[in-house]
Amino acid sequence: MERSFHLQDVRIRDACILPDAATQTYYLCTSIRPSEGGSRPGVGVYTSQDLIEWRGPHIAFEVPADFWGQEGIWAPELHAYRGRYYLFLTINTQDPIAEPQPGWLPFVKRGSQVLVGDAPRGPFRPFRNRAHLPVEWMTLDGTLWVEDGVPYMVYCHEWVQIKDGTVEVVRLTDDLSDIVGEPTVLFHGSDAPWGTGSRTYPGSYVTDGPFLYRTRTGTLLMVWSSFISGAYATGVAVSETGKLHGPWRQEPEPLFAEDGGHAMIFRRFDGGLMLVLHQPNQPPNERARLFELEDTGDSIRIARAWTDG
């Protein structure tokens, strides 16, 4: 049942906000657990006209009973593309893909997948009953970027599987239904000078939540998340060529280092540039936080926190 609330009132992790100019409505999507309105794990969409008061959740997708992943959805992203709407999801399972290693997290089937729908509130449907990326890889946090008319998925190869997590890119078909060719590694988690890696698993570096933004002067940036001394943080990478395939240079200091991350960028209807992330990174206390950004031309910086009433 839909209700009205402010963002500090409800747990939201890995939020994504899509402004729809035609209806002057902001759509916020996040994962939904059965206890939060659906009968199965899925994606909830919340709506607002002012970024202050929100209504929802509307269930945009529920995992079918015969779907390949039954353990929940992570980090849904909502994108408008060529007149339709797409959800980029991480689907999680407990199905092993390799023998466990002593003292390490299990290798399980976990993958990025794209769903399609005709409206921001769905319903959304998968193109097929499998992840877009290779099933033997642990992948997550896919996002859409279009360059020179060509769509790409930028995503993370899970540190659990490869220890030093990566951000990678692969071309998509024009209708986003599948991948084309082989992925390319853009950078590793250890490339960030501000990152300290995992305390629990020394020598490991998390990569989470890539999202791309082109500045007013044409600089191509990527925000993404990792850890500083056990706290979640968001950094900025800069493409030295202005192109998706880089090479990518990491800014020396994080954009946000107060145990918050998995950020994305959008514009308000009045043109203001915004960042949304979740903070703290401690279940079940995560909340969506909004910040105004300043576009400096060669990068971005947080100008002020956005008060949601």
# chains A, B, ... in the order shown; residues from 1 in each chain; ligands from 1
$ closest_atom_pairs --of "range 213-237 of chain A" --to "range 194-198 of chain A" --cutoff "6 Å" --atoms "only C-alpha atoms" --output "Markdown table"
| residue | atom | partner | partner_atom | distance |
| --- | --- | --- | --- | --- |
| A:Phe227 | CA | A:Gly195 | CA | 5.7 |
| A:Ile228 | CA | A:Thr196 | CA | 5.1 |
| A:Ser229 | CA | A:Thr196 | CA | 5.9 |
$ atom_distance --atom1 "CA of Ser190 in chain A" --atom2 "CA of Thr166 in chain A"
8.8 Å
$ residues_around --residues "Phe269 in chain A" --least-positions-apart "4" --cutoff "12 Å" --atoms "only C-alpha atoms" --output "JSON, numbers by chain"
{"A": [18, 19, 20, 21, 22, 23, 24, 25, 26, 48, 49, 50, 51, 273, 274]}
$ residues_around --residues "His278 in chain A" --least-positions-apart "6" --cutoff "9 Å" --atoms "only C-alpha atoms" --output "CSV table (one decimal) with N, CA, C and O atoms, in the first residue's frame"
chain,number,residue,atom,x,y,z
A,12,ILE,N,16.3,3.1,2.8
A,12,ILE,CA,16.5,3.0,1.4
A,12,ILE,C,18.0,2.9,1.2
A,12,ILE,O,18.8,3.7,1.7
A,13,ARG,N,18.4,1.8,0.4
A,13,ARG,CA,19.8,1.6,0.1
A,13,ARG,C,20.0,1.6,-1.4
A,13,ARG,O,19.1,1.2,-2.1
A,14,ASP,N,21.1,2.2,-1.8
A,14,ASP,CA,21.5,2.2,-3.3
A,14,ASP,C,20.4,2.9,-4.1
A,14,ASP,O,19.9,2.3,-5.1
A,15,ALA,N,19.9,4.0,-3.6
A,15,ALA,CA,18.8,4.7,-4.3
A,15,ALA,C,19.2,5.2,-5.7
A,15,ALA,O,20.4,5.6,-5.9
A,259,ASP,N,30.9,7.4,5.7
A,259,ASP,CA,30.2,6.1,5.7
A,259,ASP,C,28.9,6.2,4.9
A,259,ASP,O,27.9,5.7,5.3
A,260,GLY,N,29.1,6.7,3.7
A,260,GLY,CA,27.9,6.8,2.7
A,260,GLY,C,28.5,6.6,1.3
A,260,GLY,O,29.6,7.0,1.0
A,261,GLY,N,27.6,6.0,0.5
A,261,GLY,CA,28.1,5.7,-0.9
A,261,GLY,C,27.0,5.2,-1.8
A,261,GLY,O,25.8,5.3,-1.5
A,262,HIS,N,27.5,4.5,-2.8
A,262,HIS,CA,26.7,4.0,-3.9
A,262,HIS,C,25.9,5.2,-4.4
A,262,HIS,O,24.6,5.2,-4.4
A,263,ALA,N,26.6,6.2,-5.0
A,263,ALA,CA,26.0,7.5,-5.4
A,263,ALA,C,25.6,7.5,-6.8
A,263,ALA,O,26.1,6.7,-7.7
A,286,GLU,N,20.1,2.5,6.9
A,286,GLU,CA,20.5,3.2,5.7
A,286,GLU,C,19.3,4.2,5.3
A,286,GLU,O,18.1,3.8,5.4
A,287,ARG,N,19.7,5.4,4.9
A,287,ARG,CA,18.7,6.4,4.5
A,287,ARG,C,19.3,7.0,3.2
A,287,ARG,O,20.5,7.2,3.0
A,288,ALA,N,18.4,7.4,2.3
A,288,ALA,CA,18.8,8.2,1.1
A,288,ALA,C,19.1,9.6,1.5
A,288,ALA,O,18.3,10.3,2.1
A,289,ARG,N,20.3,10.1,1.1
A,289,ARG,CA,20.7,11.4,1.4
A,289,ARG,C,20.9,12.2,0.1
A,289,ARG,O,21.5,11.7,-0.8
A,290,LEU,N,20.4,13.4,0.1
A,290,LEU,CA,20.5,14.3,-1.1
A,290,LEU,C,21.5,15.4,-0.8
A,290,LEU,O,21.5,16.0,0.3
$ residues_around --residues "Ile302 in chain A" --least-positions-apart "4" --cutoff "12 Å" --atoms "only C-alpha atoms" --output "mmCIF file with N, CA, C and O atoms, in the first residue's frame"
data_model
loop_
_atom_site.group_PDB
_atom_site.id
_atom_site.type_symbol
_atom_site.label_atom_id
_atom_site.label_comp_id
_atom_site.auth_asym_id
_atom_site.auth_seq_id
_atom_site.Cartn_x
_atom_site.Cartn_y
_atom_site.Cartn_z
ATOM 1 N N THR A 234 32.711 7.449 -1.340
ATOM 2 C CA THR A 234 32.521 7.625 -2.774
ATOM 3 C C THR A 234 33.632 8.492 -3.331
ATOM 4 O O THR A 234 33.916 9.574 -2.803
ATOM 5 N N GLY A 235 34.271 8.003 -4.380
ATOM 6 C CA GLY A 235 35.325 8.747 -5.051
ATOM 7 C C GLY A 235 34.923 9.138 -6.461
ATOM 8 O O GLY A 235 33.841 8.790 -6.940
ATOM 9 N N VAL A 236 35.825 9.848 -7.116
ATOM 10 C CA VAL A 236 35.602 10.315 -8.480
ATOM 11 C C VAL A 236 36.776 9.881 -9.351
ATOM 12 O O VAL A 236 37.936 10.089 -8.991
ATOM 13 N N PRO A 254 38.471 11.497 -1.712
ATOM 14 C CA PRO A 254 37.096 11.084 -2.019
ATOM 15 C C PRO A 254 36.144 12.271 -2.068
ATOM 16 O O PRO A 254 36.386 13.317 -1.460
ATOM 17 N N LEU A 255 35.055 12.087 -2.764
ATOM 18 C CA LEU A 255 33.989 13.085 -2.804
ATOM 19 C C LEU A 255 33.211 13.087 -1.497
ATOM 20 O O LEU A 255 32.797 14.141 -1.006
ATOM 21 N N PHE A 256 32.991 11.893 -0.919
ATOM 22 C CA PHE A 256 32.228 11.744 0.324
ATOM 23 C C PHE A 256 32.835 10.589 1.101
ATOM 24 O O PHE A 256 32.998 9.499 0.543
ATOM 25 N N ALA A 257 33.161 10.807 2.368
ATOM 26 C CA ALA A 257 33.877 9.788 3.137
ATOM 27 C C ALA A 257 33.262 9.541 4.505
ATOM 28 O O ALA A 257 33.939 9.056 5.407
ATOM 29 N N ILE A 265 23.966 10.659 -9.875
ATOM 30 C CA ILE A 265 23.829 12.089 -10.134
ATOM 31 C C ILE A 265 22.617 12.328 -11.025
ATOM 32 O O ILE A 265 22.371 11.566 -11.964
ATOM 33 N N LEU A 273 22.070 20.593 -9.933
ATOM 34 C CA LEU A 273 22.742 19.303 -10.017
ATOM 35 C C LEU A 273 22.731 18.634 -8.648
ATOM 36 O O LEU A 273 23.076 19.259 -7.638
ATOM 37 N N MET A 274 22.330 17.361 -8.603
ATOM 38 C CA MET A 274 22.107 16.655 -7.346
ATOM 39 C C MET A 274 22.859 15.336 -7.290
ATOM 40 O O MET A 274 23.098 14.690 -8.317
ATOM 41 N N LEU A 275 23.181 14.945 -6.068
ATOM 42 C CA LEU A 275 23.777 13.646 -5.771
ATOM 43 C C LEU A 275 22.879 12.955 -4.759
ATOM 44 O O LEU A 275 22.420 13.575 -3.801
ATOM 45 N N VAL A 276 22.613 11.657 -4.971
ATOM 46 C CA VAL A 276 21.922 10.861 -3.960
ATOM 47 C C VAL A 276 22.809 9.669 -3.618
ATOM 48 O O VAL A 276 23.440 9.070 -4.497
ATOM 49 N N LEU A 290 20.421 13.420 0.095
ATOM 50 C CA LEU A 290 20.523 14.260 -1.094
ATOM 51 C C LEU A 290 21.479 15.417 -0.836
ATOM 52 O O LEU A 290 21.472 16.019 0.250
ATOM 53 N N PHE A 291 22.281 15.726 -1.870
ATOM 54 C CA PHE A 291 23.224 16.829 -1.798
ATOM 55 C C PHE A 291 23.180 17.616 -3.094
ATOM 56 O O PHE A 291 23.005 17.040 -4.174
ATOM 57 N N GLU A 292 23.357 18.934 -2.982
ATOM 58 C CA GLU A 292 23.574 19.744 -4.176
ATOM 59 C C GLU A 292 25.042 19.661 -4.562
ATOM 60 O O GLU A 292 25.930 19.704 -3.711
ATOM 61 N N LEU A 293 25.284 19.526 -5.866
ATOM 62 C CA LEU A 293 26.645 19.468 -6.391
ATOM 63 C C LEU A 293 26.994 20.758 -7.114
ATOM 64 O O LEU A 293 26.127 21.427 -7.688
ATOM 65 N N GLU A 294 28.269 21.068 -7.132
ATOM 66 C CA GLU A 294 28.799 22.125 -7.987
ATOM 67 C C GLU A 294 29.623 21.481 -9.105
ATOM 68 O O GLU A 294 30.507 20.663 -8.832
ATOM 69 N N ASP A 295 29.295 21.804 -10.335
ATOM 70 C CA ASP A 295 30.059 21.359 -11.498
ATOM 71 C C ASP A 295 31.159 22.383 -11.725
ATOM 72 O O ASP A 295 30.910 23.517 -12.135
ATOM 73 N N THR A 296 32.411 21.997 -11.466
ATOM 74 C CA THR A 296 33.532 22.923 -11.597
ATOM 75 C C THR A 296 34.133 22.926 -12.994
ATOM 76 O O THR A 296 35.087 23.661 -13.254
ATOM 77 N N TRP A 306 21.084 18.688 1.043
ATOM 78 C CA TRP A 306 19.728 19.073 0.702
ATOM 79 C C TRP A 306 18.821 18.656 1.843
ATOM 80 O O TRP A 306 18.743 17.490 2.199
#
$ atom_distance --atom1 "CA of Pro57 in chain A" --atom2 "CA of Arg3 in chain A"
7.4 Å
$ residues_around --residues "Thr184 in chain A" --least-positions-apart "4" --cutoff "8 Å" --atoms "only C-alpha atoms" --output "number ranges by chain"
A: 168-170, 245
$ closest_residue --among "A:Arg214, A:Arg301, A:Arg171, A:Arg125" --to "Val154 in chain A" --atoms "only C-alpha atoms"
A:Arg171
$ residues_around --residues "Trp145 in chain A" --least-positions-apart "2" --cutoff "12 Å" --atoms "only C-alpha atoms" --output "PyMOL selection string"
chain A and resi 79-81+88+142-143+147-155+169-172+176+210-214+220-222+243-245
